[in-house]
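Q: This one is structure-v9.txt, compact mmCIF, C-alpha atoms.
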```txt
# COMPACT_ATOMS: atom_id res chain seq x y z
CA MET A 1 -57.22 -24.05 -47.82
CA ALA A 2 -55.22 -23.67 -44.60
CA ALA A 3 -54.09 -20.19 -43.51
CA ARG A 4 -50.38 -19.70 -43.24
CA LEU A 5 -48.95 -18.25 -40.00
CA PRO A 6 -46.85 -15.09 -40.37
CA SER A 7 -43.11 -15.38 -39.58
CA TRP A 8 -43.39 -13.15 -36.49
CA ALA A 9 -45.77 -15.69 -34.94
CA TRP A 10 -43.23 -18.48 -35.48
CA VAL A 11 -40.40 -16.38 -33.98
CA THR A 12 -42.54 -15.43 -30.98
CA GLY A 13 -43.55 -19.06 -30.38
CA LEU A 14 -39.99 -20.35 -30.63
CA THR A 15 -38.69 -17.61 -28.31
CA ALA A 16 -41.39 -18.35 -25.71
CA GLY A 17 -40.62 -22.09 -25.90
CA ALA A 18 -36.88 -21.50 -25.45
CA THR A 19 -37.53 -19.22 -22.46
CA VAL A 20 -39.73 -21.88 -20.82
CA ALA A 21 -37.02 -24.53 -21.37
CA VAL A 22 -34.30 -22.31 -19.81
CA VAL A 23 -36.50 -21.52 -16.79
CA ALA A 24 -37.30 -25.24 -16.31
CA LEU A 25 -33.58 -26.13 -16.41
CA ALA A 26 -32.77 -23.33 -13.92
CA VAL A 27 -35.43 -24.60 -11.49
CA GLN A 28 -34.08 -28.16 -11.77
CA ALA A 29 -30.52 -26.94 -11.13
CA ASP A 30 -31.67 -24.99 -8.07
CA HIS A 31 -33.19 -28.14 -6.54
CA GLY A 32 -30.07 -30.24 -7.13
CA PRO A 33 -27.08 -30.70 -4.79
CA HIS A 34 -24.96 -27.59 -4.14
CA PRO A 35 -21.19 -27.83 -3.61
CA THR A 36 -19.94 -26.61 -0.26
CA ALA A 37 -16.47 -25.59 0.79
CA ALA A 38 -14.92 -26.82 3.98
CA VAL A 39 -14.36 -24.02 6.45
CA ALA A 40 -11.12 -24.27 8.38
CA ARG A 41 -10.94 -22.27 11.56
CA PRO A 42 -7.53 -20.64 11.93
CA SER A 43 -5.76 -20.96 15.23
CA ALA A 44 -5.26 -17.84 17.33
CA SER A 45 -1.58 -17.57 16.35
CA ALA A 46 -2.35 -18.02 12.63
CA SER A 47 -5.03 -15.36 12.86
CA ALA A 48 -2.68 -12.92 14.58
CA SER A 49 0.09 -13.44 12.03
CA ALA A 50 -2.34 -13.12 9.12
CA HIS A 51 -3.58 -9.83 10.60
CA ALA A 52 -0.01 -8.60 11.04
CA GLN A 53 0.80 -9.47 7.42
CA ALA A 54 -2.33 -7.74 6.12
CA SER A 55 -1.56 -4.54 7.99
CA ALA A 56 2.13 -4.62 6.98
CA LYS A 57 1.41 -4.27 3.26
CA PRO A 58 3.72 -1.76 1.63
CA LYS A 59 2.06 1.49 0.67
CA ALA A 60 2.20 2.66 -2.92
CA PRO A 61 4.92 5.27 -3.31
CA ALA A 62 3.64 8.83 -3.28
CA ALA A 63 3.79 10.71 -6.54
CA PRO A 64 6.83 12.98 -6.78
CA ALA A 65 6.14 16.49 -5.56
CA LEU A 66 5.61 19.30 -8.01
CA PRO A 67 8.97 21.05 -8.52
CA ALA A 68 9.40 24.33 -6.66
CA GLY A 69 9.68 27.39 -8.86
CA SER A 70 7.50 25.94 -11.63
CA GLY A 71 5.14 28.90 -11.62
CA ALA A 72 1.56 29.35 -10.53
CA GLY A 73 -1.88 28.60 -11.93
CA ARG A 74 -2.95 26.13 -14.60
CA ARG A 75 0.05 24.75 -16.48
CA ILE A 76 2.05 21.78 -17.73
CA VAL A 77 5.32 21.30 -15.84
CA TYR A 78 8.16 19.34 -17.47
CA SER A 79 11.21 18.38 -15.39
CA LEU A 80 14.31 17.65 -17.45
CA GLY A 81 16.10 15.89 -14.59
CA GLU A 82 13.19 13.75 -13.44
CA LYS A 83 11.95 13.04 -17.00
CA ARG A 84 8.45 13.72 -15.69
CA VAL A 85 5.41 15.86 -16.48
CA TRP A 86 2.79 17.26 -14.07
CA LEU A 87 -0.60 18.59 -15.13
CA VAL A 88 -1.44 21.40 -12.72
CA ASP A 89 -4.95 22.83 -12.29
CA ALA A 90 -5.85 26.50 -11.70
CA THR A 91 -5.51 26.09 -7.92
CA GLY A 92 -1.89 24.97 -8.30
CA ARG A 93 -2.61 21.31 -7.46
CA ALA A 94 -1.01 18.58 -9.61
CA THR A 95 -3.89 16.48 -10.94
CA ARG A 96 -1.72 13.96 -12.81
CA THR A 97 1.96 13.16 -13.15
CA PHE A 98 3.78 10.70 -15.39
CA THR A 99 7.22 9.81 -16.72
CA VAL A 100 8.34 10.62 -20.26
CA TRP A 101 11.02 9.64 -22.77
CA PRO A 102 12.82 12.85 -23.74
CA GLY A 103 14.18 13.46 -27.22
CA THR A 104 17.87 14.06 -27.90
CA VAL A 105 17.39 17.85 -27.93
CA ASN A 106 16.07 19.38 -24.71
CA PRO A 107 14.33 22.73 -24.34
CA ALA A 108 16.03 25.28 -22.10
CA PRO A 109 14.42 25.74 -18.67
CA GLY A 110 11.86 28.52 -18.91
CA ARG A 111 8.26 29.48 -19.56
CA TYR A 112 6.54 28.58 -22.83
CA SER A 113 3.05 27.93 -24.12
CA VAL A 114 1.52 25.38 -26.47
CA THR A 115 1.80 26.98 -29.91
CA LEU A 116 0.37 24.24 -32.12
CA ARG A 117 -1.60 21.02 -31.68
CA THR A 118 -1.69 18.29 -34.31
CA GLN A 119 -3.90 15.19 -33.91
CA SER A 120 -1.48 12.78 -35.65
CA LEU A 121 1.46 12.62 -38.01
CA ARG A 122 4.68 10.72 -38.67
CA GLY A 123 7.43 11.85 -36.28
CA SER A 124 10.91 12.79 -37.50
CA ASP A 125 12.07 9.37 -36.23
CA GLY A 126 9.59 7.66 -38.57
CA VAL A 127 7.15 6.59 -35.82
CA GLN A 128 3.43 7.36 -36.30
CA ILE A 129 2.50 9.67 -33.40
CA GLU A 130 -0.60 11.39 -32.04
CA HIS A 131 -1.58 14.12 -29.55
CA VAL A 132 1.30 16.30 -30.71
CA MET A 133 1.64 19.54 -28.73
CA TYR A 134 4.44 21.88 -29.83
CA PHE A 135 5.72 24.47 -27.37
CA THR A 136 9.19 25.68 -28.49
CA LYS A 137 12.08 25.24 -30.91
CA THR A 138 15.69 24.55 -29.88
CA GLU A 139 18.71 24.18 -32.19
CA GLY A 140 16.31 24.28 -35.14
CA VAL A 141 14.37 21.31 -33.73
CA ASN A 142 10.69 21.52 -32.78
CA ILE A 143 10.03 20.44 -29.19
CA ALA A 144 6.68 18.75 -28.59
CA PHE A 145 4.89 16.26 -26.38
CA SER A 146 3.41 13.23 -28.20
CA ASN A 147 2.72 9.52 -27.89
CA ALA A 148 3.28 6.71 -30.35
CA LEU A 149 0.02 5.76 -32.05
CA ASP A 150 0.61 2.08 -31.27
CA GLY A 151 1.55 2.82 -27.65
CA SER A 152 5.16 1.70 -28.03
CA SER A 153 8.16 3.41 -26.49
CA PRO A 154 10.44 5.31 -28.85
CA PRO A 155 13.28 3.46 -30.55
CA PRO A 156 16.91 4.58 -30.04
CA ALA A 157 17.64 7.89 -31.76
CA ASN A 158 20.71 6.69 -33.70
CA GLY A 159 22.36 10.11 -33.51
CA GLN A 160 19.34 12.04 -34.84
CA LYS A 161 18.36 15.42 -33.40
CA LEU A 162 14.89 14.71 -32.02
CA GLY A 163 12.72 17.06 -29.96
CA GLY A 164 9.81 14.73 -29.34
CA ILE A 165 9.03 14.18 -25.66
CA ARG A 166 7.20 10.85 -25.82
CA VAL A 167 4.62 9.82 -23.26
CA HIS A 168 2.60 6.65 -22.67
CA LYS A 169 -0.60 6.43 -24.73
CA ALA A 170 -3.01 7.06 -21.81
CA ASP A 171 -0.88 9.98 -20.61
CA GLY A 172 -0.87 11.40 -24.15
CA ALA A 173 -4.66 11.39 -24.20
CA ALA A 174 -4.77 13.09 -20.77
CA LEU A 175 -2.22 15.70 -21.86
CA TRP A 176 -4.17 16.36 -25.06
CA ALA A 177 -7.40 16.84 -23.11
CA PHE A 178 -5.66 19.15 -20.61
CA GLY A 179 -3.60 21.39 -22.89
CA ASP A 180 -5.16 23.62 -25.51
CA GLN A 181 -3.25 26.01 -27.71
CA GLY A 182 -1.94 28.73 -25.38
CA THR A 183 -1.70 26.48 -22.29
CA ARG A 184 1.39 27.43 -20.32
CA VAL A 185 4.35 25.03 -20.18
CA ALA A 186 7.02 25.38 -17.49
CA VAL A 187 10.31 23.59 -18.14
CA VAL A 188 12.47 23.12 -15.04
CA ASN A 189 15.74 21.36 -14.33
```
Once more with this new file: its structure as structure tokens, please.
A:
Amino acid sequence: MAARLPSWAWVTGLTAGATVAVVALAVQADHGPHPTAAVARPSASASASAHAQASAKPKAPAAPALPAGSGAGRRIVYSLGEKRVWLVDATGRATRTFTVWPGTVNPAPGRYSVTLRTQSLRGSDGVQIEHVMYFTKTEGVNIAFSNALDGSSPPPANGQKLGGIRVHKADGAALWAFGDQGTRVAVVN
């Protein structure tokens, strides 16, 4: 009676055979013809103009400066006029800045702090939102930073009183990681 080989022996043999076949094909391909690209030598004038074009690239615009009078130390700064947020570290240096979509109700300029954080919920405009960080209430409307769960921009308000300050999805994650409950928020014009 013939002994039967275990399944691991079959798998090992097939794997070794496949590896040998791949190596043999790679060696054959290495010994075959290799495509080459024609090298064109640029003329002196073409080289000079190419160099001038490369060095004349426009620089990326610098991030807007942190507004004066926004306080000191670690904080979130929100500019009503610029529709922009800055995340400021303990040394007073802005580590990130981004644009926002303000709600229809704006907070008054002043000093606040994050009072409540909620991972996700449905916003008063019906959009599923996440990274919700409340910091004040104006005209009976809660004012909070958040981003749409699906990353979309907010729809038109249709006359609703909305206090959600929407941010892009990546900025919402950065804001959430930066601002704990109690983090200071400076609202400036």
Q: Can you tell me which residues surround segment 126-137 of chain A at a distance of at most 7 Å, considering all atoms listed in the file, apart from same-chain residues fewer than 6 positions away, and format the answer as a PyMOL selection string?
A: chain A and resi 112-120+143-149+172-173+176
Q: To one decimal in Å, tell me the separation between atom CA of Gly92 of chain A and atom CA of Ala72 of chain A.
A: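 Atom-to-atom, atom CA of Gly92 of chain A and atom CA of Ala72 of chain A are spaced 6.0 Å apart.
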Q: Separation of atom CA of Ser124 of chain A and atom CA of Lys161 of chain A, in Å?
A: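 Spanning atom CA of Ser124 of chain A to atom CA of Lys161 of chain A is a straight-line distance of 8.9 Å.
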Q: At what distance in Å, to one decimal, does atom CA of Pro154 of chain A lie from atom CA of Gly110 of chain A?
A: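 For atom CA of Gly110 of chain A relative to atom CA of Pro154 of chain A, the distance reads 25.3 Å.
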Q: Counting all atoms listed in the file, which residue out of A:Pro109, A:Gly159, A:Gly140, A:Pro64 sits closest to Arg96 of chain A?
A: A:Pro64
Q: Between A:Thr12, A:Leu121, A:Leu66, A:Trp86, single out the one closest to Ala174 of chain A, counting only C-alpha atoms.
A: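 Among the listed residues, A:Trp86 lies closest to Ala174 of chain A.
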Q: Which of these residues is nearest to Ser152 of chain A, using only C-alpha atoms: A:Leu80, A:Val167, A:Ala94, A:Ala177?
A: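 For Ser152 of chain A, the nearest of the candidates is A:Val167.
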Q: Give me the residues near Phe178 of chain A as JSON, numbers by chain, where near means some atom within 10 Å (using all atoms listed in the file) and where sequence neighbours in that chain fewer than 6 positions away do not count.
A: {"A": [74, 75, 76, 87, 88, 89, 172]}
Q: Skip Ala68 of chain A itself and residues of its chain fewer than 5 positions away, then list as a VMD selection string all residues within 12 Å of it, counting all atoms listed in the file.
A: chain A and resid 77 to 79 92 186 to 189
Q: Go through A:Arg184, A:Pro156, A:Val85, A:Thr95 and flag the residue nearest Gly71 of chain A, using all atoms listed in the file for the distances.
A: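 Closest residue, counting all atoms listed in the file: A:Arg184.
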